[in-house]
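Visitor: Shown below is the structure under consideration.
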Amino acid sequence: MGKGEERIAVSRSPCSPLSAEAVARADECSQEEDQIAATSLLVSVVKAMIRQEEAVYAYASYRPDDCCTSNGIKEKWRQDICHWTYSVVDHFDLSRETVAISLSLFDRYMAAEGNKCTGETALLTSLTTLFVAVKLNEKKTIHLNTLADLSRRQFTANDIVLWELRVLEALSWKVNPPTHVSFVSHLLQFMPSLHSSVRRDLFELSRYLCELCLCDSHFIDYRPSSVAYASILNVFEHMQTTNASISIEKRKAFTTNLLHLLDLNHNDSEVIAARSRMHAMFASSMDTYAQEGMLLSPSDTAVNNDFVERNDKVSSASASASATKSQHHKLHVQVDCGVSVESHSDGSMSRAKYRHLSPPRTQ
């Protein structure tokens with residue numbers, strides 16, 4: 001047999017018994033390497049978000065008050081603006097993350113101005129930051145004339161355009177802040193494997209708490225990562241009363257991962273303070289359900305889903321304006337929106353006549 005024939009014979013020789021095992025081990029190693037790479041990328045992303053909130057998007061301490069003599073935004077104004085903004089994005093079927101971005105821009109602008117404003121400028125600022133947030137976060141657009149209609153013609157489209165430039169310059173054009181819910185979404189990826197329904201409920205209830213916090217001016221000085229972490233920990237606690245509870249081992253693995261990989265400590269004073277405030281807010285919303293006779297038995301395995309799904313029956317004076325919006329978990333603020341809106345192929349919306357989507361009173 002010649003050399004060429006010998007090579008052919010060798011190439012056709014049967015594989016050794018270990019070949020299949022070797023291939024399986026190689027695939028396993030490849031998967032492990034992919035997992036390590038994915039975790040490394042996730043850590044880098046979250047650390048970048050933390051750096052952003054601590055430096056790029058940090059601002060001087062600012063807190064609304066209710067003093068009638070103070071020349072600044074009142075706590076009630078901000079709460080009403082938050083509720084009203086939720087009603088607008090819900091009506092136009094926009095993402096509720098747009099509200100978080102809008103309020104972040106609003107708060108940072110008020111801080112940059114030393115919390116000096118009138119009711120008129122507070123309302124104009126809220127319209128402007130909503131306009132900017134929609135442009136940043138949505139495929140749809142809200143026409144400037146539509147926003148002017150939302151103000152009941154207190155302002156023109158040109159007023160909003162001119163104020164937009166003023167706001168952007170005050171914020172040094174930094175308009176992509178990390179939000180509470182974006183932190184929740186990323187942090188939950190450090191959670192050990194869970195059943196898809198449990199993971200979904202964990203995310204939805206954490207998002208619900210974050211949205212409650214957004215309308216509460218008490219949380220203005222809190223870092224979004226702290227609020228997000230606190231909301232997850234409180235949901236862990238709440239889910240212990242249901243059949244969807246998460247084991248102690250998995251919760252411990254989660255907090256250990258965040259401590260070692262991100263230096264986020266569940267015993268941090270800000271996280272603890274946020275959890276305490278959330279407990280009171282959550283209890284208040286549960287009391288509202290009890291008064292309406294809507295509470296389910298804690299042993300009901302569907303308590304989390306029903307809890308969020310029924311938020312459309314809660315009065316706007318409580319948690320109603322801040323609950324989670326999703327395909328099955330949706331809450332509308334108690335505002336009568338007698339509006340007919342036509343969507344165009346480019347995702348924009350035509351100008352409409354608004355009868356009852358009135359702006360908040362800031363007088």
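For the structure tokens, the naming scheme is as follows: chains receive sequential letters (A, B, ...) according to their order of presentation, residues are indexed from 1 within each chain, and ligands are indexed from 1 in presentation order.
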Pick out the residues sitting within 10 Å of Arg277 in chain A, and hand them over as a ChimeraX atom specification; count only C-alpha atoms, and ignore anything fewer than 3 positions along from it in its own chain.
Guide: /A:213,216,218-219,230,272-274,280-282
Visitor: Tell me, which residues of range 26-221 of chain A carry DSSP helix (DSSP H, G or I), written as a PyMOL selection string?
Guide: chain A and resi 26-56+75-91+97-112+119-137+144-150+157-170+180-190+196-214+217-219
Visitor: Can you work out which one of A:Leu171, A:His180, A:His186, A:Asn234 has the shortest atom-to-atom distance to His266 in chain A, counting only C-alpha atoms?
Guide: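 Nearest candidate to His266 in chain A out of A:Leu171, A:His180, A:His186, A:Asn234: A:Asn234.
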Visitor: I'd like to know which of A:Val198, A:Leu212, A:Leu187, A:Ala228 is closest to Thr255 in chain A, using only C-alpha atoms.
Guide: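 Of A:Val198, A:Leu212, A:Leu187, A:Ala228, the one nearest Thr255 in chain A, counting only C-alpha atoms, is A:Leu187.
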Visitor: Can you write out as JSON lines which residues of range 143-177 of chain A fall within 12 Å of range 42-55 of chain A, alongside each residue's closest atom pair and its distance in Å to one decimal, counting only C-alpha atoms and ordering rows by chain and ascending residue number?
Guide:
```
{"residue": "A:Lys174", "atom": "CA", "partner": "A:Gln52", "partner_atom": "CA", "distance": 10.3}
{"residue": "A:Val175", "atom": "CA", "partner": "A:Gln52", "partner_atom": "CA", "distance": 11.4}
{"residue": "A:Asn176", "atom": "CA", "partner": "A:Gln52", "partner_atom": "CA", "distance": 9.5}
{"residue": "A:Pro177", "atom": "CA", "partner": "A:Glu53", "partner_atom": "CA", "distance": 7.3}
```
Visitor: Could the residues of range 203-238 of chain A that have an atom at most 9 Å from range 70-86 of chain A be listed as CSV, each with its closest atom pair and the distance in Å to one decimal, counting only C-alpha atoms and ordered by chain and ascending residue number?
Guide:
```
residue,atom,partner,partner_atom,distance
A:Leu214,CA,A:Cys82,CA,7.6
A:Cys215,CA,A:Gln79,CA,5.2
A:Asp216,CA,A:Gln79,CA,6.7
A:Ser217,CA,A:Glu75,CA,6.6
```
Visitor: Rounded to one decimal, what separation in Å do you get between CA of Pro64 in chain A and CA of Tyr229 in chain A?
Guide: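 If I compute the distance from CA of Pro64 in chain A to CA of Tyr229 in chain A, I get 24.3 Å.
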Visitor: For range 123-135 of chain A, list every protein, DNA or RNA residue within 6 Å, evaluated using only C-alpha atoms, and leave out those in the same chain fewer than 5 positions away; present the list as an mmCIF file with C-alpha atoms, in the first residue's frame.
Guide:
```
data_model
loop_
_atom_site.group_PDB
_atom_site.id
_atom_site.type_symbol
_atom_site.label_atom_id
_atom_site.label_comp_id
_atom_site.auth_asym_id
_atom_site.auth_seq_id
_atom_site.Cartn_x
_atom_site.Cartn_y
_atom_site.Cartn_z
ATOM 1 C CA THR A 98 -40.397 56.884 30.267
ATOM 2 C CA ILE A 101 -36.591 59.095 32.951
ATOM 3 C CA SER A 102 -38.837 62.160 32.851
ATOM 4 C CA ILE A 160 -41.832 73.812 25.216
ATOM 5 C CA GLU A 164 -36.265 72.180 26.388
#
```
Visitor: Give me the residues near Arg251 in chain A as a ChimeraX atom specification, where near means some atom within 8 Å (using only C-alpha atoms) and where sequence neighbours in that chain fewer than 4 positions away do not count.
Guide: /A:191,236,246-247,255
